[in-house]
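Written below as structure tokens is the structure these notes are about.
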Amino acid sequence: MFYEDVEPCVIFVSCSDDLEVGKLVDIVAGAGDNAGVRVWDINNKYYEATVNVFVVGRGELNRLENDVNFGEAGGLVLYYDGNFQKCSGDLKSVLDAARNLDADIKLLVCDCCSSDDSRTSAEEWAVQEGFEHLEIAGDEGDSDRLKQALEAHLWPNMITKPIATIKPPEKPKRKPIKKPKEDDSDDFSTLFEQLVSMKEQAAGLPAEERKNFAEQVVLAYWRSIGGDEEELLDI
């Protein structure tokens, strides 16, 4: 029997007989009955879409191909037990069975890798075969990424949501510039004439005293042009 309404879809495959791949579907689509086909109603801030989810064992892809149009599958998720060396043969047989499945999103998933060597081998295989490798438990785990990766696909039946209008940020108001008074100009001229002598005086001071002296000189110049001392200290 060919399903007329299975498009689009994601196919989850268990690569070991003792793995419960349905828990991955629960992460993506929420808790539910994982027998047969599940319906995943995507509703995020960008779009809405309805996607059918199939859960099969490693030897059931050939049977599923009789019911599902593999050319319309948007995602393929292979679930293995974390020991890549042990599962590599099963993964190869699953890929051979999925030769007609051209999914845009392909994920190789485990709870956590059994060793660093297993992780390295799995990641190398994933790159070679066009998969993204994910661990969903343990210190390296990121179960959220599983759902995010599948939601990144452009589903053919997606209904995009309007982009919210973004209010441009207000420009900060500048403080009015104070015009120097006439006596301020006189003070500035006097300070400027004393600049050379102040420089010579500062040169003979220890580092910390020279720093304090420089701060006092800057404050004096700032006040001489009508500046507020507190305003300078806020800079």
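Going by the structure tokens order, chains are called A, B, ..., each with residues numbered from 1, while ligands are numbered from 1 in the order shown.
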
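Every protein or nucleic acid residue with an atom no more than 6 Å from A:Gly82, counting only C-alpha atoms and leaving out same-chain residues fewer than 5 positions away, appears here: Cys110, Cys112, Cys113 and Ser114 of chain A.
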
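Across A:Met158, A:Leu78, A:Val37, A:Cys87, the tightest approach to A:Leu24 is made by A:Leu78 when counting only C-alpha atoms.
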
Original post:
Taking only C-alpha atoms into account, which of A:Gly32, A:Gly74, A:Gly59, A:Gly141 comes nearest A:Pro156?
Top reply: A:Gly74

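Shell of A:Phe54 at 8 Å, with only C-alpha atoms counted and residues fewer than 3 places along the chain excluded, is Cys9, Val10, Ile11, Phe12, Gly36, Val37 and Arg38 of chain A.
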
Store the residues of this selection in a file with C-alpha atoms, as an mmCIF file, in the first residue's frame.
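Below is the file out_38.cif, written as the result:
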```cif
data_model
loop_
_atom_site.group_PDB
_atom_site.id
_atom_site.type_symbol
_atom_site.label_atom_id
_atom_site.label_comp_id
_atom_site.auth_asym_id
_atom_site.auth_seq_id
_atom_site.Cartn_x
_atom_site.Cartn_y
_atom_site.Cartn_z
ATOM 1 C CA CYS A 9 8.352 12.963 5.849
ATOM 2 C CA VAL A 10 11.283 12.079 8.100
ATOM 3 C CA ILE A 11 12.509 8.511 8.484
ATOM 4 C CA PHE A 12 14.060 7.336 11.763
ATOM 5 C CA GLY A 36 3.631 3.121 12.202
ATOM 6 C CA VAL A 37 3.478 6.739 11.112
ATOM 7 C CA ARG A 38 3.486 9.755 13.424
#
```

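Residue nearest A:Ser143 within the list A:Leu95, A:Ile27, A:Leu19, A:Ile105: A:Ile27 [criterion: smallest interatomic distance, only C-alpha atoms].
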
Original post:
Any idea what's packed within 10 Å of A:Lys161, counting only C-alpha atoms, ignoring anything in its chain fewer than 4 positions away? Could you give it as a ChimeraX atom specification?
Top reply: /A:43-48

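For A:Glu129, the non-local neighbours within 12 Å, defined as residues at least 2 positions apart in the same chain or in other chains and counting only C-alpha atoms, are A:Leu91, A:Lys92, A:Leu95, A:Asp96, A:Arg99, A:Asp102, A:Ile105, A:Lys106, A:Leu107, A:Leu108, A:Ala122, A:Glu123, A:Glu124, A:Trp125, A:Ala126, A:Val127, A:Phe131, A:Glu132, A:His133.
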
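Of the listed residues A:Asp17, A:Asp41, A:Asp116, A:Asp26, the one whose atoms come nearest to A:Ile159 is A:Asp41, with distances taken using only C-alpha atoms.
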
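Across the structure, atom CA of A:Asp104 and atom CA of A:Ser14 are spaced 19.2 Å apart.
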
Subject >> Close residues, A:Glu20 itself excluded, 10 Å, only C-alpha atoms, min 6 positions apart in chain, as a PyMOL selection string >> reply: chain A and resi 13-14+34+55+57+79-80

**OP:** Could you give me the residues within stretch 22-83 of chain A that DSSP places in strand (DSSP E), as a PyMOL selection string?
**Re:** chain A and resi 37-43+47-57+73-79

Could those selected residues go to a file with C-alpha atoms, as a PDB file, in the first residue's frame?
```
ATOM      1  CA  VAL A  37       3.478   6.739  11.112  1.00  0.00           C
ATOM      2  CA  ARG A  38       3.486   9.755  13.424  1.00  0.00           C
ATOM      3  CA  VAL A  39       2.424  13.282  12.534  1.00  0.00           C
ATOM      4  CA  TRP A  40       4.777  16.081  13.535  1.00  0.00           C
ATOM      5  CA  ASP A  41       3.110  19.484  13.615  1.00  0.00           C
ATOM      6  CA  ILE A  42       5.892  22.055  13.417  1.00  0.00           C
ATOM      7  CA  ASN A  43       4.990  25.460  14.795  1.00  0.00           C
ATOM      8  CA  TYR A  47       6.835  28.812   9.978  1.00  0.00           C
ATOM      9  CA  GLU A  48       4.241  26.064  10.362  1.00  0.00           C
ATOM     10  CA  ALA A  49       4.303  22.674   8.630  1.00  0.00           C
ATOM     11  CA  THR A  50       2.983  19.142   8.997  1.00  0.00           C
ATOM     12  CA  VAL A  51       5.503  16.331   8.573  1.00  0.00           C
ATOM     13  CA  ASN A  52       4.965  12.590   8.744  1.00  0.00           C
ATOM     14  CA  VAL A  53       7.472  10.579  10.771  1.00  0.00           C
ATOM     15  CA  PHE A  54       8.281   6.921  10.094  1.00  0.00           C
ATOM     16  CA  VAL A  55      10.106   4.693  12.586  1.00  0.00           C
ATOM     17  CA  VAL A  56      11.690   1.505  11.233  1.00  0.00           C
ATOM     18  CA  GLY A  57      14.299  -1.081  12.132  1.00  0.00           C
ATOM     19  CA  ALA A  73      11.767  12.429   2.358  1.00  0.00           C
ATOM     20  CA  GLY A  74      13.263  15.559   3.883  1.00  0.00           C
ATOM     21  CA  GLY A  75      15.182  13.883   6.699  1.00  0.00           C
ATOM     22  CA  LEU A  76      16.930  10.614   7.532  1.00  0.00           C
ATOM     23  CA  VAL A  77      17.977   9.871  11.123  1.00  0.00           C
ATOM     24  CA  LEU A  78      20.160   6.836  11.877  1.00  0.00           C
ATOM     25  CA  TYR A  79      20.296   5.833  15.540  1.00  0.00           C
TER      26      TYR A  79
END
```
